[in-house]
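In what follows, a structure is listed as structure tokens, so that the remarks can point back to it.
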Amino acid sequence: MIEEEIKKIIIKIVGREIGKILVSERADFGNYSSNAPFLLAKERKQPPESVAKELAEKIKLADGGKLFSKVEAVAGYVNFFIAPSVLAEKVVHIATKKYPFKIKKQKINLEFVSANPTGPLTMANGRGGFLGDVLANVLELVGHKVVREYYINDAGNQIRLLGESILAESGNAPKKEEYYQGEYVKDLVKALKKEIQNKKDPEKIGRSAADLLLKEIQASLKNAGINFDVWYSEFKNLRGGKNLISKILAILGKNGLIMEKEGAKWLKSSEIADEKDRVLVKSDGQPTYFLVDMAYHYDKFVKRKFDKAIDIWGADHHGYVARLKSGVKAIGIEPDKLKIIITQLVRLIEGGKEIRMSKRKGEFITLDELIREVGVDSARYFFLMNTPDTHMDFDLALAKERSIKNPVYYVQYAYVRMRSILEKSKSQIKQIQISTLRKLQSESELSLLSELIKFPYMARQTSEDYQVNRLARYAAEIARAIHNFYEKERVIGEQKDIMEARLALIVATKIILEKLFKILGISAPEKM
RNA sequence: GCCCUCGUAGUUCAACGGAUAGAACGGCUCCGUCCUAAGGAGAAAAUGGGAGUUCAAUUCUCUCCGAGGGCACCA
């Protein structure tokens with residue numbers, strides 16, 4: 001990566017690592033810049049401008065025109081303009097080989113969605129779903145081993161509640177306020193007719209219903225292009241015969257972190273973290289969700305030996321982050337190995353007013369509906385371009401109306417334009433030659449190359465800070481450069497060597513865009 | 001009451017403590033013999049209020065205002 005090469009040069013001159021290498025958004029600031037002069041200026045008590053000038057001169061000398069066509073000192077920054085020949089070389093490198101990311105490879109467990117099987121997936125589940133799916137793709141791209149996991153919450157009160165709701169709906173029990181409602185409950189009554197007649201055990205009916213709902217959830221996820229490797233059932237893995245729960249209690253007991261109070265077992269969280277003491281085993285002998293979750297994470301880290309676990313949760317669970325971290329710490333696991341990403345809730349707006357989505361009351365827009373209305377690509381991009389921190393407002397009517405204006409089409413159309421030229425030109429390029437790409441000279445060609453070389457940086461950065469929206473926006477930036485190139489330069493009918501150079505550029509662009517599309521999980525259309 | 005998010009153009013969203021705060025949609029001006037105009041060029045338009053730290057603050061700290069979400073022997 002070029003940033004690393006720039007860093008090396010600076011280290012050579014300054015004698016140590018200093019400052020940051022920034023990827024410039026603006027062409028007049030070059031491709032990269034460094035803020036090292038600001039930091040040096042402070043130490044030396046000199047104005048940053050003169051330090052920058054001095055540094056730029058030394059870098060220019062050290063480089064000898066190899067990497068940079070221009071090294072500039074402006075307003076205290078050193079700006080680096082990559083030489084066109086180097087741009088060509090890097091782009092070929094990125095487009096043709098499996099790019100070698102230099103990272104410490106890890107075994108990562110990525111758990112996301114994990115919606116309770118007590119109802120269909122809502123479009124809000126899509127937010128975490130798309131995020132997790134794309135994050136897994138990026139982590140894999142840079143070389144990590146990733147397991148995509150769905151935790152099936154199929155044990156506990158909500159399953160019995162679901163069963164009772166179905167019994168009530170079918171007229172076999174009185175209805176209650178807290179029961180699940182909505183069309184899907186009626187559907188479940190029909191589907192489970194026989195069981196309702198025969199057993200009438202709410203627990204068993206709830207479990208059968210959960211199985212049906214899980215199948216539905218799996219179909220919805222598949223439809224949304226969200227993939228999982230492991231479906232981890234709480235009931236089967238954590239509640240069955242030889243379970244981990246007693247093991248956790250034993251570990252905690254050995255560590256002296258359990259106390260008995262009011263007939264229940266408590267974790268002394270206050271001893272290990274700034275947390276309130278929490279119940280582990282209720283006075284009725286049942287484990288709390290907290291204890292089960294500790295067992296689950298023990299399973300991830302100790303039994304399955306993941307180096308890292310990433311959990312993606314909705315904002316309604318954010319109060320639980322500190323608790324689980326302290327729980328993990330209590331069983332001797334380094335809490336930093338557990339990364340919890342919170343996605344903010346999506347507010348549903350209809351006719352200018354907020355509708356409170358409630359799975360229990362049956363008021364929600366399902367993920368399936370969303371995709372049916374706006375399409376997978378549009379839905380994905382809509383969520384992916386925003387950070388998980390944003391409180392989003394979602395108006396289905398508006399989304400339908402605007403889906404045609406979704407930026408995803410801007411990006412895909414840019415791609416289609418490239419394909420279209422390739423097809424019309426009947427070119428048979430198999431390998432992109434660096435020497436061919438080096439013939440590119442015009443501004444729009446070079447700025448497209450400049451966008452393309454950012455690919456490894458974008459991927460690596462995202463694999464480190466999990467800001468997946470960066471990639472969606474990067475795709476749009478490439479698209480802009482493509483449209484610009486398309487408007488400014490013609491390909492077919494130009495002189496042979498110019499045409500070939502541009503075709504090579506198009507092939508490289510197409511390959512890199514396809515890589516991006518694959519990560520983002522959006523389709524690469526032939527035509528639009 | 002305590003805790004966690006978030007307040008940026010008319011709207012929906014960007015911006016590892018860095019340069020002139022970027023896009024898209026909407027409104028306004030242009031671009032049509034030519035690889036799909038689902039495009040391009042241009043102008044207008046924003047950091048909730050107030051302090052502080054810093055060479056530099058949308059970003060960090062404090063405070064106020066506003067929005068959302070949490071504070072169970074529920075999951």
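If you're wondering about the labels, chains in the structure tokens are A, B, ... by order shown, residues count from 1 in each chain, ligands from 1 in order shown.
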Based on only C-alpha atoms (C1' of nucleotides), which of the residues in chain A come within 8 Å of chain B? I want them as a ChimeraX atom specification.
/A:35,38,42,75,156-158,264,279,281-283,288-289,315-319,344-345,386,389-391,404-405,407,409-410,413,417,420-421,424,483-484,487,490-492,528
Could you pull out the helix (DSSP H, G or I) residues of range 166-339 of chain A from DSSP and send them as an NGL selection string?
:A and (166-169 or 183-191 or 193-198 or 202-223 or 234-237 or 244-254 or 269-272 or 289-303 or 315-330 or 335-337)
Out of range 184-307 of chain A, which residues get strand (DSSP E) from DSSP, as a ChimeraX atom specification?
/A:230-233,258-261,264-267,278-281
Just the selected residues (C-alpha atoms), exported as a CSV table (one decimal), in the first residue's frame, please.
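Heads up, here's the output in result.csv:
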```
chain,number,residue,atom,x,y,z
A,230,VAL,CA,-23.8,-21.2,12.0
A,231,TRP,CA,-27.3,-21.3,13.5
A,232,TYR,CA,-26.6,-21.6,17.1
A,233,SER,CA,-29.6,-22.8,19.1
A,258,ILE,CA,-21.0,-15.5,43.6
A,259,MET,CA,-23.1,-14.6,46.5
A,260,GLU,CA,-26.5,-15.8,47.6
A,261,LYS,CA,-29.1,-13.3,48.4
A,264,ALA,CA,-31.0,-16.3,44.3
A,265,LYS,CA,-27.4,-16.5,43.1
A,266,TRP,CA,-25.8,-13.1,42.2
A,267,LEU,CA,-22.7,-12.2,40.4
A,278,ARG,CA,-26.6,-9.1,38.9
A,279,VAL,CA,-28.7,-12.2,39.3
A,280,LEU,CA,-27.4,-15.3,37.7
A,281,VAL,CA,-29.8,-17.9,39.0
```
Would you mind reading off the distance between CA of Glu354 in chain A and CA of Glu183 in chain A, one decimal, in Å?
21.1 Å
Gly129 in chain A: which residues within 9 Å, counting only C-alpha atoms (C1' of nucleotides), same-chain residues fewer than 2 positions away excluded, as a PyMOL selection string?
chain A and resi 112-113+124-127+131-134+221+224+226-227+312
Just-selected residues, C-alpha atoms written as a PDB file, in the first residue's frame:
```pdb
ATOM      1  CA  PHE A 112     -25.675 -10.626  14.139  1.00  0.00           C
ATOM      2  CA  VAL A 113     -29.410 -10.333  13.608  1.00  0.00           C
ATOM      3  CA  ALA A 124     -35.109  -2.866  11.234  1.00  0.00           C
ATOM      4  CA  ASN A 125     -33.483  -6.289  11.554  1.00  0.00           C
ATOM      5  CA  GLY A 126     -32.197  -5.631   8.066  1.00  0.00           C
ATOM      6  CA  ARG A 127     -30.008  -2.865   9.340  1.00  0.00           C
ATOM      7  CA  LEU A 131     -24.092  -4.461   8.303  1.00  0.00           C
ATOM      8  CA  GLY A 132     -23.008  -7.845   9.599  1.00  0.00           C
ATOM      9  CA  ASP A 133     -23.047  -9.454   6.200  1.00  0.00           C
ATOM     10  CA  VAL A 134     -20.860  -6.773   4.654  1.00  0.00           C
ATOM     11  CA  LEU A 221     -32.378 -13.612   5.197  1.00  0.00           C
ATOM     12  CA  ALA A 224     -31.963 -10.411   1.437  1.00  0.00           C
ATOM     13  CA  ILE A 226     -27.577 -12.188   4.170  1.00  0.00           C
ATOM     14  CA  ASN A 227     -25.623 -15.361   4.793  1.00  0.00           C
ATOM     15  CA  ILE A 312     -24.126  -6.600  16.535  1.00  0.00           C
TER      16      ILE A 312
END
```
If we count only C-alpha atoms (C1' of nucleotides) and set the cut-off at 10 Å, which residues sit around range 12-19 of chain A, ignoring sequence neighbours fewer than 2 positions away in its own chain? Please answer as a list in words.
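That gives Ile6, Lys7, Lys8, Ile9, Ile10, Ile21, Leu22, Ser34, Asn35, Ala36, Pro37, Phe38, Leu39, Leu40, Leu55, Lys58, Ile59 and Ala62 of chain A.
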Using N, CA and C atoms, can you export the residues from the last selection as an mmCIF file, in the first residue's frame?
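What landed in out09.cif:
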```
data_model
loop_
_atom_site.group_PDB
_atom_site.id
_atom_site.type_symbol
_atom_site.label_atom_id
_atom_site.label_comp_id
_atom_site.auth_asym_id
_atom_site.auth_seq_id
_atom_site.Cartn_x
_atom_site.Cartn_y
_atom_site.Cartn_z
ATOM 1 N N ILE A 6 4.857 5.717 1.890
ATOM 2 C CA ILE A 6 5.044 7.114 2.291
ATOM 3 C C ILE A 6 5.513 7.172 3.747
ATOM 4 N N LYS A 7 4.894 6.349 4.547
ATOM 5 C CA LYS A 7 5.261 6.315 5.972
ATOM 6 C C LYS A 7 6.743 5.976 6.135
ATOM 7 N N LYS A 8 7.179 4.998 5.355
ATOM 8 C CA LYS A 8 8.581 4.587 5.433
ATOM 9 C C LYS A 8 9.523 5.734 5.101
ATOM 10 N N ILE A 9 9.170 6.461 4.051
ATOM 11 C CA ILE A 9 10.016 7.579 3.650
ATOM 12 C C ILE A 9 10.090 8.623 4.761
ATOM 13 N N ILE A 10 8.946 8.893 5.358
ATOM 14 C CA ILE A 10 8.925 9.893 6.432
ATOM 15 C C ILE A 10 9.738 9.411 7.633
ATOM 16 N N ILE A 21 -0.964 9.581 7.690
ATOM 17 C CA ILE A 21 -1.072 9.695 6.247
ATOM 18 C C ILE A 21 -2.559 9.760 5.921
ATOM 19 N N LEU A 22 -2.969 10.856 5.368
ATOM 20 C CA LEU A 22 -4.380 11.033 5.046
ATOM 21 C C LEU A 22 -4.611 10.772 3.569
ATOM 22 N N SER A 34 0.278 14.394 4.570
ATOM 23 C CA SER A 34 0.754 14.066 5.907
ATOM 24 C C SER A 34 0.693 15.310 6.779
ATOM 25 N N ASN A 35 0.309 15.098 8.022
ATOM 26 C CA ASN A 35 0.263 16.221 8.952
ATOM 27 C C ASN A 35 1.500 16.255 9.846
ATOM 28 N N ALA A 36 2.503 15.471 9.469
ATOM 29 C CA ALA A 36 3.721 15.404 10.282
ATOM 30 C C ALA A 36 4.313 16.786 10.594
ATOM 31 N N PRO A 37 4.311 17.713 9.648
ATOM 32 C CA PRO A 37 4.908 19.024 9.947
ATOM 33 C C PRO A 37 4.292 19.713 11.169
ATOM 34 N N PHE A 38 3.012 19.543 11.378
ATOM 35 C CA PHE A 38 2.372 20.191 12.526
ATOM 36 C C PHE A 38 2.982 19.692 13.831
ATOM 37 N N LEU A 39 3.200 18.380 13.855
ATOM 38 C CA LEU A 39 3.710 17.782 15.078
ATOM 39 C C LEU A 39 5.181 18.123 15.285
ATOM 40 N N LEU A 40 5.926 18.111 14.185
ATOM 41 C CA LEU A 40 7.336 18.491 14.274
ATOM 42 C C LEU A 40 7.471 19.960 14.665
ATOM 43 N N LEU A 55 10.544 19.457 4.911
ATOM 44 C CA LEU A 55 10.230 18.033 4.812
ATOM 45 C C LEU A 55 9.935 17.644 3.360
ATOM 46 N N LYS A 58 13.104 17.337 1.365
ATOM 47 C CA LYS A 58 13.854 16.116 1.694
ATOM 48 C C LYS A 58 13.186 14.881 1.100
ATOM 49 N N ILE A 59 11.850 14.876 1.155
ATOM 50 C CA ILE A 59 11.122 13.725 0.610
ATOM 51 C C ILE A 59 11.333 13.652 -0.899
ATOM 52 N N ALA A 62 14.704 12.269 -1.486
ATOM 53 C CA ALA A 62 14.791 10.850 -1.153
ATOM 54 C C ALA A 62 14.075 9.992 -2.201
#
```
Which value, in Å to one decimal, gives the distance between CA of Val416 in chain A and CA of Ala83 in chain A?
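We find that CA of Val416 in chain A and CA of Ala83 in chain A lie 29.0 Å from each other.
With CA of Glu443 in chain A on one side and CA of Ala95 in chain A on the other, the separation reads 20.8 Å.
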Between B:G26, B:G7, B:G17, B:G42, which one has atoms that come closest to A57 in chain B, using only C-alpha atoms (C1' of nucleotides)?
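That would be B:G17, the residue with the smallest distance to A57 in chain B.
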Nearest residue to Asp393 in chain A from the set B:U29, B:U53, B:C60, B:U11 (distances using only C-alpha atoms (C1' of nucleotides)):
B:U11
Choose the residue, out of A:Ala501, A:Ile217, A:Pro47, A:Ile159, that has the smallest atom-to-atom separation from Arg438 in chain A; count only C-alpha atoms.
A:Ala501
Residues at most 12 Å from C62 in chain B, counting only C-alpha atoms (C1' of nucleotides), excluding those fewer than 3 positions away in the same chain, as a PyMOL selection string?
chain B and resi 50-53
Would you save the residues from that selection as a PDB file, in the first residue's frame, using C-alpha atoms (C1' of nucleotides)?
```pdb
ATOM      1  C1'   G B  50     -22.797  28.828  25.497  1.00  0.00           C
ATOM      2  C1'   A B  51     -17.988  28.031  27.738  1.00  0.00           C
ATOM      3  C1'   G B  52     -13.195  25.229  27.735  1.00  0.00           C
ATOM      4  C1'   U B  53      -8.696  22.178  25.919  1.00  0.00           C
TER       5        U B  53
END
```
